[in-house]
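Colleague: So that you have it, the file is entry.txt, and it contains compact mmCIF, C-alpha atoms and all ligand atoms:
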```txt
# COMPACT_ATOMS: atom_id res chain seq x y z
CA MET A 564 0.00 0.00 0.00
CA VAL A 565 1.27 3.44 -0.84
CA VAL A 566 0.34 5.90 1.88
CA ARG A 567 1.02 9.61 1.45
CA GLY A 568 0.13 12.26 3.98
CA GLY A 569 -1.68 9.61 6.03
CA ARG A 570 -3.92 8.60 3.10
CA ALA A 571 -3.87 5.50 0.89
CA VAL A 572 -3.08 6.76 -2.59
CA GLY A 573 -2.26 3.61 -4.51
CA VAL A 574 -0.51 0.27 -4.46
CA ARG A 575 2.81 -1.04 -5.58
CA THR A 576 2.77 -4.60 -6.94
CA ALA A 577 5.36 -7.29 -6.16
CA SER A 578 7.00 -6.60 -9.52
CA GLY A 579 7.39 -2.92 -8.59
CA GLU A 580 4.59 -1.49 -10.72
CA GLY A 581 2.81 1.48 -9.14
CA VAL A 582 -0.97 1.78 -9.47
CA VAL A 583 -2.59 5.10 -8.60
CA ALA A 584 -5.94 5.03 -6.82
CA ARG A 585 -8.50 7.44 -8.28
CA LYS A 586 -10.87 7.22 -5.36
CA ALA A 587 -9.89 4.50 -2.95
CA VAL A 588 -7.88 1.33 -2.43
CA LEU A 589 -10.00 -1.77 -1.77
CA ALA A 590 -7.89 -4.48 -0.18
CA ASP A 591 -9.22 -7.97 -0.92
CA VAL A 592 -6.76 -9.58 1.48
CA ALA A 593 -7.07 -11.10 4.94
CA ALA A 594 -6.81 -8.55 7.74
CA PRO A 595 -3.53 -9.91 9.20
CA ASP A 596 -1.92 -9.58 5.78
CA LEU A 597 -3.23 -6.05 5.28
CA TYR A 598 -2.27 -4.68 8.67
CA GLY A 599 0.67 -6.97 9.34
CA ARG A 600 2.46 -6.82 6.02
CA LEU A 601 1.00 -4.54 3.36
CA VAL A 602 0.48 -1.34 5.37
CA ASP A 603 3.43 0.01 7.31
CA ALA A 604 2.72 -0.21 11.03
CA ALA A 605 3.61 3.48 11.32
CA HIS A 606 0.22 4.29 9.74
CA LEU A 607 -1.79 2.16 12.15
CA PRO A 608 -3.00 2.78 15.70
CA SER A 609 -1.12 0.66 18.20
CA ARG A 610 -4.43 -0.59 19.60
CA LEU A 611 -5.37 -2.08 16.23
CA LEU A 612 -2.02 -3.84 16.11
CA ASP A 613 -2.54 -5.13 19.65
CA ASP A 614 -6.02 -6.40 18.78
CA LEU A 615 -4.67 -8.11 15.67
CA ARG A 616 -2.42 -10.25 17.83
CA ARG A 617 -5.63 -11.81 19.13
CA PHE A 618 -7.09 -12.29 15.64
CA GLN A 619 -8.28 -15.87 15.30
CA TRP A 620 -8.11 -17.79 12.05
CA ASP A 621 -10.79 -20.32 11.19
CA PHE A 622 -9.98 -24.02 10.88
CA ALA A 623 -7.70 -25.29 8.15
CA THR A 624 -9.30 -26.97 5.14
CA PHE A 625 -8.47 -30.21 3.38
CA LYS A 626 -10.02 -30.80 -0.05
CA VAL A 627 -10.22 -33.62 -2.57
CA ASP A 628 -11.44 -33.33 -6.17
CA TRP A 629 -12.58 -36.43 -8.07
CA ALA A 630 -13.40 -37.51 -11.57
CA LEU A 631 -15.97 -40.28 -11.09
CA SER A 632 -17.21 -42.82 -13.62
CA ARG A 633 -20.77 -42.51 -12.28
CA PRO A 634 -22.76 -40.31 -9.86
CA ILE A 635 -22.14 -41.06 -6.16
CA PRO A 636 -24.29 -44.05 -5.08
CA TRP A 637 -25.72 -42.55 -1.89
CA SER A 638 -27.84 -44.81 0.28
CA ALA A 639 -30.01 -41.84 1.13
CA GLU A 640 -32.33 -41.25 -1.80
CA GLY A 641 -32.57 -37.50 -1.22
CA ALA A 642 -28.83 -37.00 -1.69
CA HIS A 643 -28.86 -38.03 -5.36
CA GLY A 644 -30.09 -34.80 -6.90
CA ALA A 645 -28.42 -32.41 -4.45
CA GLY A 646 -25.72 -30.01 -5.57
CA THR A 647 -24.10 -30.17 -2.13
CA VAL A 648 -24.33 -32.95 0.42
CA HIS A 649 -23.25 -32.60 4.06
CA VAL A 650 -21.78 -35.93 5.04
CA ALA A 651 -21.99 -37.17 8.62
CA GLU A 652 -23.72 -40.15 10.16
CA GLY A 653 -25.70 -37.98 12.53
CA VAL A 654 -25.56 -35.30 15.18
CA ASP A 655 -23.51 -37.47 17.53
CA GLU A 656 -20.84 -37.87 14.89
CA LEU A 657 -20.89 -34.12 14.18
CA THR A 658 -20.44 -33.46 17.90
CA ARG A 659 -17.54 -35.90 18.01
CA PHE A 660 -15.94 -34.22 14.98
CA ALA A 661 -16.32 -30.76 16.54
CA ALA A 662 -14.83 -31.95 19.83
CA GLN A 663 -11.83 -33.55 18.15
CA ILE A 664 -11.02 -30.51 16.04
CA ALA A 665 -11.47 -28.19 19.03
CA ARG A 666 -8.89 -30.29 20.88
CA GLY A 667 -6.39 -29.92 18.04
CA LEU A 668 -6.89 -33.46 16.75
CA VAL A 669 -7.26 -34.45 13.12
CA PRO A 670 -10.75 -35.99 13.10
CA ASP A 671 -10.89 -39.72 12.44
CA ARG A 672 -14.32 -39.47 10.79
CA PRO A 673 -14.16 -36.19 8.89
CA PHE A 674 -17.40 -34.31 8.44
CA ALA A 675 -17.33 -33.44 4.73
CA LEU A 676 -19.12 -31.09 2.40
CA VAL A 677 -19.47 -32.86 -0.93
CA GLY A 678 -20.13 -30.97 -4.14
CA GLN A 679 -21.75 -32.92 -6.99
CA MET A 680 -20.80 -30.67 -9.83
CA THR A 681 -22.23 -32.61 -12.75
CA THR A 682 -25.46 -33.15 -10.87
CA ALA A 683 -25.68 -29.38 -10.46
CA ASP A 684 -24.43 -28.55 -13.98
CA ALA A 685 -24.50 -31.25 -16.65
CA ALA A 686 -21.75 -29.49 -18.62
CA ARG A 687 -19.13 -30.26 -15.96
CA SER A 688 -18.24 -33.79 -17.19
CA PRO A 689 -19.34 -36.30 -19.86
CA ALA A 690 -22.89 -37.65 -19.60
CA GLY A 691 -23.22 -40.43 -17.05
CA THR A 692 -20.08 -39.41 -15.12
CA GLU A 693 -19.69 -37.07 -12.12
CA SER A 694 -17.21 -34.36 -11.26
CA ALA A 695 -17.17 -34.09 -7.47
CA TRP A 696 -15.22 -32.59 -4.60
CA ALA A 697 -15.27 -32.76 -0.83
CA TYR A 698 -13.70 -30.64 1.82
CA THR A 699 -13.37 -31.06 5.52
CA HIS A 700 -11.63 -29.17 8.30
CA VAL A 701 -8.57 -29.92 10.37
CA PRO A 702 -7.01 -27.86 13.17
CA GLN A 703 -4.77 -24.93 12.28
CA ARG A 704 -2.22 -26.32 14.73
CA ILE A 705 -2.36 -30.07 14.89
CA LYS A 706 -1.63 -31.63 18.27
CA GLY A 707 -2.41 -35.19 17.33
CA ASP A 708 -4.39 -37.55 15.14
CA ALA A 709 -7.65 -39.06 16.36
CA GLY A 710 -7.24 -41.63 13.58
CA GLU A 711 -4.57 -44.25 13.04
CA ASP A 712 -2.44 -42.55 10.40
CA ALA A 713 -0.28 -40.36 12.64
CA VAL A 714 -1.11 -37.22 10.62
CA THR A 715 1.06 -34.44 12.07
CA GLY A 716 0.30 -31.52 9.76
CA ALA A 717 3.49 -31.98 7.73
CA TRP A 718 1.14 -32.70 4.84
CA ASP A 719 3.70 -34.65 2.86
CA GLU A 720 2.58 -37.16 0.27
CA ARG A 721 1.88 -39.86 2.87
CA GLU A 722 -0.22 -37.64 5.11
CA ALA A 723 -2.09 -36.13 2.16
CA ALA A 724 -2.97 -39.58 0.82
CA ALA A 725 -3.95 -40.90 4.27
CA MET A 726 -6.31 -37.99 4.87
CA ALA A 727 -7.82 -38.25 1.38
CA ASP A 728 -8.41 -41.96 2.01
CA ARG A 729 -10.13 -41.04 5.27
CA VAL A 730 -12.47 -38.63 3.47
CA GLU A 731 -13.22 -41.29 0.89
CA ALA A 732 -13.91 -43.86 3.62
CA GLN A 733 -16.41 -41.49 5.16
CA ILE A 734 -18.29 -41.15 1.87
CA GLU A 735 -18.04 -44.88 1.23
CA ARG A 736 -19.84 -45.55 4.52
CA LEU A 737 -22.87 -43.62 3.29
CA ALA A 738 -22.46 -44.44 -0.40
CA PRO A 739 -21.21 -48.03 -0.73
CA GLY A 740 -19.39 -48.50 -4.04
CA PHE A 741 -18.18 -44.89 -4.20
CA ARG A 742 -14.49 -45.82 -4.27
CA GLU A 743 -14.88 -48.12 -7.26
CA GLN A 744 -16.05 -45.15 -9.29
CA ILE A 745 -12.96 -43.01 -8.78
CA ILE A 746 -11.12 -42.43 -12.06
CA ALA A 747 -8.74 -39.78 -10.73
CA ARG A 748 -8.34 -37.56 -7.69
CA ARG A 749 -6.53 -34.35 -6.80
CA VAL A 750 -5.66 -33.74 -3.16
CA LEU A 751 -5.38 -30.18 -1.83
CA THR A 752 -3.77 -29.95 1.59
CA PRO A 753 -3.97 -26.76 3.69
CA PRO A 754 -0.59 -25.45 2.45
CA ALA A 755 -1.51 -26.33 -1.14
CA LEU A 756 -4.68 -24.23 -0.84
CA GLU A 757 -2.66 -21.32 0.53
CA GLY A 758 -0.22 -21.73 -2.37
CA MET A 759 -3.13 -21.20 -4.78
CA ASN A 760 -4.55 -18.18 -2.95
CA ALA A 761 -2.70 -16.30 -0.21
CA ASN A 762 -6.03 -15.47 1.44
CA LEU A 763 -6.52 -19.15 2.31
CA ARG A 764 -4.05 -19.04 5.21
CA ASN A 765 -3.18 -22.65 5.87
CA GLY A 766 -6.47 -23.47 4.20
CA ALA A 767 -8.62 -21.13 6.32
CA ILE A 768 -11.47 -20.29 3.94
CA ASN A 769 -13.22 -17.60 6.01
CA SER A 770 -10.39 -15.05 6.40
CA GLY A 771 -10.77 -15.51 10.15
CA THR A 772 -13.17 -17.37 12.38
CA THR A 773 -16.78 -16.29 12.05
CA SER A 774 -17.53 -17.27 15.64
CA ILE A 775 -19.53 -14.64 17.49
CA HIS A 776 -16.47 -13.04 19.12
CA GLN A 777 -15.19 -12.09 15.65
CA GLN A 778 -18.43 -11.05 13.96
CA LEU A 779 -20.18 -7.73 13.29
CA VAL A 780 -18.43 -4.94 15.21
CA PHE A 781 -15.82 -7.45 16.35
CA ARG A 782 -14.73 -8.23 12.76
CA PRO A 783 -11.86 -8.31 12.11
CA VAL A 784 -11.02 -6.69 15.45
CA PRO A 785 -13.24 -5.08 18.10
CA GLY A 786 -14.51 -1.65 17.11
CA THR A 787 -14.48 -2.07 13.35
CA GLY A 788 -17.26 -3.95 11.56
CA ARG A 789 -17.27 -1.76 8.48
CA PRO A 790 -14.84 -1.78 5.56
CA GLU A 791 -13.25 1.51 6.66
CA THR A 792 -9.74 1.21 8.02
CA PRO A 793 -7.72 3.66 10.12
CA VAL A 794 -6.02 4.79 6.89
CA PRO A 795 -8.28 7.18 4.93
CA GLY A 796 -8.90 5.94 1.41
CA LEU A 797 -8.14 2.33 2.32
CA TYR A 798 -10.98 -0.20 2.67
CA LEU A 799 -10.97 -3.81 3.78
CA ALA A 800 -12.89 -5.68 1.05
CA SER A 801 -12.20 -9.29 1.97
CA ALA A 802 -14.09 -11.82 4.05
CA SER A 803 -12.04 -10.56 7.03
CA ALA A 804 -14.59 -7.71 7.14
CA HIS A 805 -18.24 -8.08 8.11
CA PRO A 806 -20.21 -10.15 7.00
CA GLY A 807 -17.27 -12.52 6.59
CA ARG A 808 -17.17 -15.64 4.47
CA ARG A 809 -19.55 -15.35 1.57
CA SER A 810 -19.39 -16.57 -1.99
CA THR A 811 -21.81 -13.70 -2.61
CA ARG A 812 -19.02 -11.21 -1.81
CA GLY A 813 -20.91 -9.24 0.86
CA ALA A 814 -17.74 -7.69 2.25
CA GLY A 815 -16.55 -6.66 -1.21
CA ARG A 816 -19.87 -5.02 -1.99
CA HIS A 817 -19.78 -3.07 1.26
CA ALA A 818 -16.24 -1.92 0.52
CA ALA A 819 -17.10 -0.87 -3.03
CA ALA A 820 -20.00 1.25 -1.78
CA ALA A 821 -18.25 2.68 1.26
CA PRO A 822 -16.06 5.36 -0.35
CA CYS A 823 -19.14 7.29 -1.51
CA ALA A 824 -21.61 6.57 1.28
CA PRO A 825 -22.70 9.76 3.07
CA ALA A 826 -21.76 9.64 6.74
CA SER A 827 -25.44 10.11 7.67
CA GLU A 828 -26.32 6.75 6.13
CA ARG A 829 -23.93 4.81 8.29
CA SER A 830 -25.43 2.78 11.08
CA PRO A 831 -24.03 3.51 14.52
CA LEU A 832 -23.72 -0.27 14.86
CA HIS A 833 -21.19 -0.25 12.10
CA GLY A 834 -19.29 2.74 13.27
CA PRO A 835 -16.19 2.54 15.40
CA ALA A 836 -16.76 1.30 18.92
CA ARG A 837 -13.71 3.07 20.18
CA ALA A 838 -11.58 6.07 19.45
CA ALA A 839 -7.86 5.52 19.37
CA PRO A 840 -6.01 6.71 22.48
CA ALA A 841 -5.26 10.43 22.30
CA THR A 842 -1.60 9.85 23.11
CA GLU A 843 -1.05 8.25 19.73
CA GLY A 844 -1.36 11.62 18.02
CA ALA A 845 -1.81 11.82 14.30
CA ARG A 846 -1.28 8.11 13.74
CA SER A 847 -4.23 7.13 15.86
CA ARG A 848 -7.08 8.66 13.94
CA ASP A 849 -10.58 7.59 14.64
CA ILE A 850 -12.01 5.28 12.00
CA ARG A 851 -15.25 7.22 11.70
CA GLU A 852 -13.35 10.42 11.12
CA ALA A 853 -11.25 8.71 8.50
CA SER A 854 -14.29 7.29 6.68
CA GLY A 855 -15.98 10.66 6.57
CA ARG A 856 -13.18 12.05 4.46
CA THR A 857 -12.98 9.39 1.83
CA CYS A 858 -15.37 10.65 -0.85
CA GLY A 859 -14.37 13.09 -3.50
CA VAL A 860 -10.65 12.57 -3.05
CA GLY A 861 -10.13 10.92 -6.42
CA THR A 862 -8.68 13.88 -8.29
CA HIS A 863 -6.49 14.85 -5.41
CA VAL A 864 -5.22 11.29 -5.04
CA SER A 865 -4.43 10.95 -8.72
CA ARG A 866 -2.32 14.05 -8.60
CA ALA A 867 -0.68 13.13 -5.34
CA VAL A 868 1.02 9.98 -6.57
CA GLY A 869 3.59 10.05 -9.28
CA PRO A 870 5.17 7.09 -11.03
CA LYS A 871 7.98 7.12 -8.51
CA ALA A 872 5.72 6.91 -5.49
CA ALA A 873 7.26 4.74 -2.83
CA ALA A 874 5.45 2.25 -0.71
CA VAL A 875 5.82 3.32 2.86
C1 LIG B 901 -12.94 -25.02 -0.89
C2 LIG B 901 -13.75 -23.82 -0.48
C3 LIG B 901 -15.12 -23.95 -0.29
C4 LIG B 901 -15.90 -22.84 0.08
N1 LIG B 901 -17.25 -22.99 0.25
C5 LIG B 901 -18.01 -21.91 0.51
C6 LIG B 901 -19.43 -22.00 0.61
O1 LIG B 901 -19.99 -23.07 0.41
N2 LIG B 901 -20.14 -20.89 0.90
C7 LIG B 901 -19.54 -19.68 1.10
O2 LIG B 901 -20.23 -18.69 1.35
N3 LIG B 901 -18.21 -19.56 1.03
C8 LIG B 901 -17.44 -20.63 0.72
N4 LIG B 901 -16.08 -20.50 0.64
C9 LIG B 901 -15.51 -19.25 1.04
C10 LIG B 901 -15.57 -18.19 -0.03
O3 LIG B 901 -14.97 -18.68 -1.21
C11 LIG B 901 -14.79 -17.00 0.53
O4 LIG B 901 -15.44 -16.53 1.70
C12 LIG B 901 -14.75 -15.85 -0.46
O5 LIG B 901 -14.16 -16.28 -1.67
C13 LIG B 901 -13.90 -14.76 0.15
O6 LIG B 901 -13.83 -13.70 -0.74
P1 LIG B 901 -12.65 -12.67 -0.64
O7 LIG B 901 -12.95 -11.63 -1.63
O8 LIG B 901 -12.40 -12.31 0.77
O9 LIG B 901 -11.29 -13.44 -1.07
P2 LIG B 901 -10.94 -14.36 -2.36
O10 LIG B 901 -12.17 -14.84 -3.06
O11 LIG B 901 -9.99 -15.37 -1.79
O12 LIG B 901 -10.20 -13.34 -3.31
C14 LIG B 901 -8.96 -12.78 -2.97
C15 LIG B 901 -8.13 -12.62 -4.23
O13 LIG B 901 -6.99 -11.82 -3.94
C16 LIG B 901 -5.80 -12.53 -4.29
N5 LIG B 901 -4.77 -12.17 -3.29
C17 LIG B 901 -4.74 -12.46 -1.97
N6 LIG B 901 -3.67 -11.92 -1.38
C18 LIG B 901 -3.00 -11.25 -2.35
C19 LIG B 901 -1.81 -10.47 -2.35
N7 LIG B 901 -1.07 -10.27 -1.26
N8 LIG B 901 -1.41 -9.93 -3.53
C20 LIG B 901 -2.13 -10.11 -4.66
N9 LIG B 901 -3.27 -10.84 -4.71
C21 LIG B 901 -3.70 -11.39 -3.56
C22 LIG B 901 -6.16 -13.99 -4.24
O14 LIG B 901 -5.32 -14.77 -5.06
C23 LIG B 901 -7.61 -13.94 -4.75
O15 LIG B 901 -7.65 -13.94 -6.15
C24 LIG B 901 -15.28 -21.59 0.26
C25 LIG B 901 -13.90 -21.46 0.03
C26 LIG B 901 -13.13 -22.57 -0.33
C27 LIG B 901 -11.65 -22.42 -0.57
```
Hey, can you dump this file as structure tokens for me?
Modeller:
Amino acid sequence: MVVRGGRAVGVRTASGEGVVARKAVLADVAAPDLYGRLVDAAHLPSRLLDDLRRFQWDFATFKVDWALSRPIPWSAEGAHGAGTVHVAEGVDELTRFAAQIARGLVPDRPFALVGQMTTADAARSPAGTESAWAYTHVPQRIKGDAGEDAVTGAWDEREAAAMADRVEAQIERLAPGFREQIIARRVLTPPALEGMNANLRNGAINSGTTSIHQQLVFRPVPGTGRPETPVPGLYLASASAHPGRRSTRGAGRHAAAAPCAPASERSPLHGPARAAPATEGARSRDIREASGRTCGVGTHVSRAVGPKAAAV
């Protein structure tokens, strides 16, 4: 992020290219990346940085993609036509899964979300076949394996295959014959997911837990809740902002609208819950104050950054 005079005025890419912001910079990155790496700490209130140390990621994700010779042979009739199937033997098993993961254990019977892509969209694979995937969650920091494969979180080839087999075994229990239909599979471990998209930190798909303590005005840190950041002209557009994880891009939409929203239309709920301590001086500007000055700065910003603007 390029910040000039306390205001976000553009970005500089990894290859060194400078991009000038006409109106605002919308950051579609997880909050710890934005505040911990992309914006110099000198532009951020110390309280925000303190709060970020308590930021909690959501669970890691483990995913398998399959090419199947036929649709999944579910025992449960209702699962056949569903685009997505939630796979668990019942509430007791879900409770067991949740308890294991909360204790830092890799679950032995992974609760899986299964996507039946060809069922949902016939164009996904040849007629009569199925393109499918499943993902499950594992702890961010693995303390042990509730199963028998000694998965440690190294996610080498052995661990990746063992966990994929475990996911397949879970589906096989509820869809006998499933394994015989596998033509090919691709395994995506938590680090592999992060390698594909830096926002998926160790496979966390929500850009931070969406548990109640990190929702609404507590997202991504207490006292925020809106896309505005302490840096005028900079908006948090990722799922790290309220409303969090959404394929429908709720957070991005909020961030896109925010630079031009009149201050009078902002809900007090979404305003800052705290002002930064007065002792922090100019660096510790109140988020509401910052957001009120974001509209109509486009021309000024364009002039303010030249091609040699430095990221500070
Ligand atoms: C397997 C899986 C299943 C999911 N299932 C669901 C579901 O069923 N329902 C649901 O609501 N949500 C689901 N999600 C979550 C949903 O996809 C995310 O909540 C949503 O995509 C988040 O949007 P975003 O804009 O914050 O980030 P993203 O969609 O991740 O977009 C961020 C973009 O910025 C790029 N980027 C990140 N950091 C940098 C950087 N430093 N420099 C340059 N580029 C960068 C990334 O490569 C990416 O292109 C799922 C996610 C995964 C991975």
Colleague: Using only C-alpha atoms and all ligand atoms, what are the residues with an atom within 7 Å of ligand LIG 901 (chain B), set out as a count of residues only?
Modeller: 24
Colleague: Return the single residue from A:Val784, A:Ala819, A:Ala717, A:Ile745 that is closest to Leu611 of chain A, with distances computed using all atoms listed in the file.
Modeller: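 Of all the options, A:Val784 lies closest to Leu611 of chain A.
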Colleague: Would you mind listing what lies within 10 Å of Asp671 of chain A as JSON, numbers by chain, with all atoms listed in the file counted and same-chain residues fewer than 3 positions away left out?
Modeller: {"A": [659, 660, 663, 664, 668, 674, 708, 709, 710, 711, 712, 726, 729, 730, 733]}
Colleague: I'd like to know which of A:Val572, A:Ala594, A:Ile635, A:Ala604 is closest to Arg617 of chain A, using all atoms listed in the file.
Modeller: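 Among A:Val572, A:Ala594, A:Ile635, A:Ala604, it is A:Ala594 that comes nearest to Arg617 of chain A.
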Colleague: To one decimal place in Å, what is the distance between atom CA of Ala587 of chain A and atom CA of Pro795 of chain A?
Modeller: 8.5 Å
Colleague: One number please: atom CA of Ser774 of chain A to atom CA of Ala623 of chain A, in Å, one decimal.
Modeller: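 So the two atoms, atom CA of Ser774 of chain A and atom CA of Ala623 of chain A, lie 14.7 Å apart.
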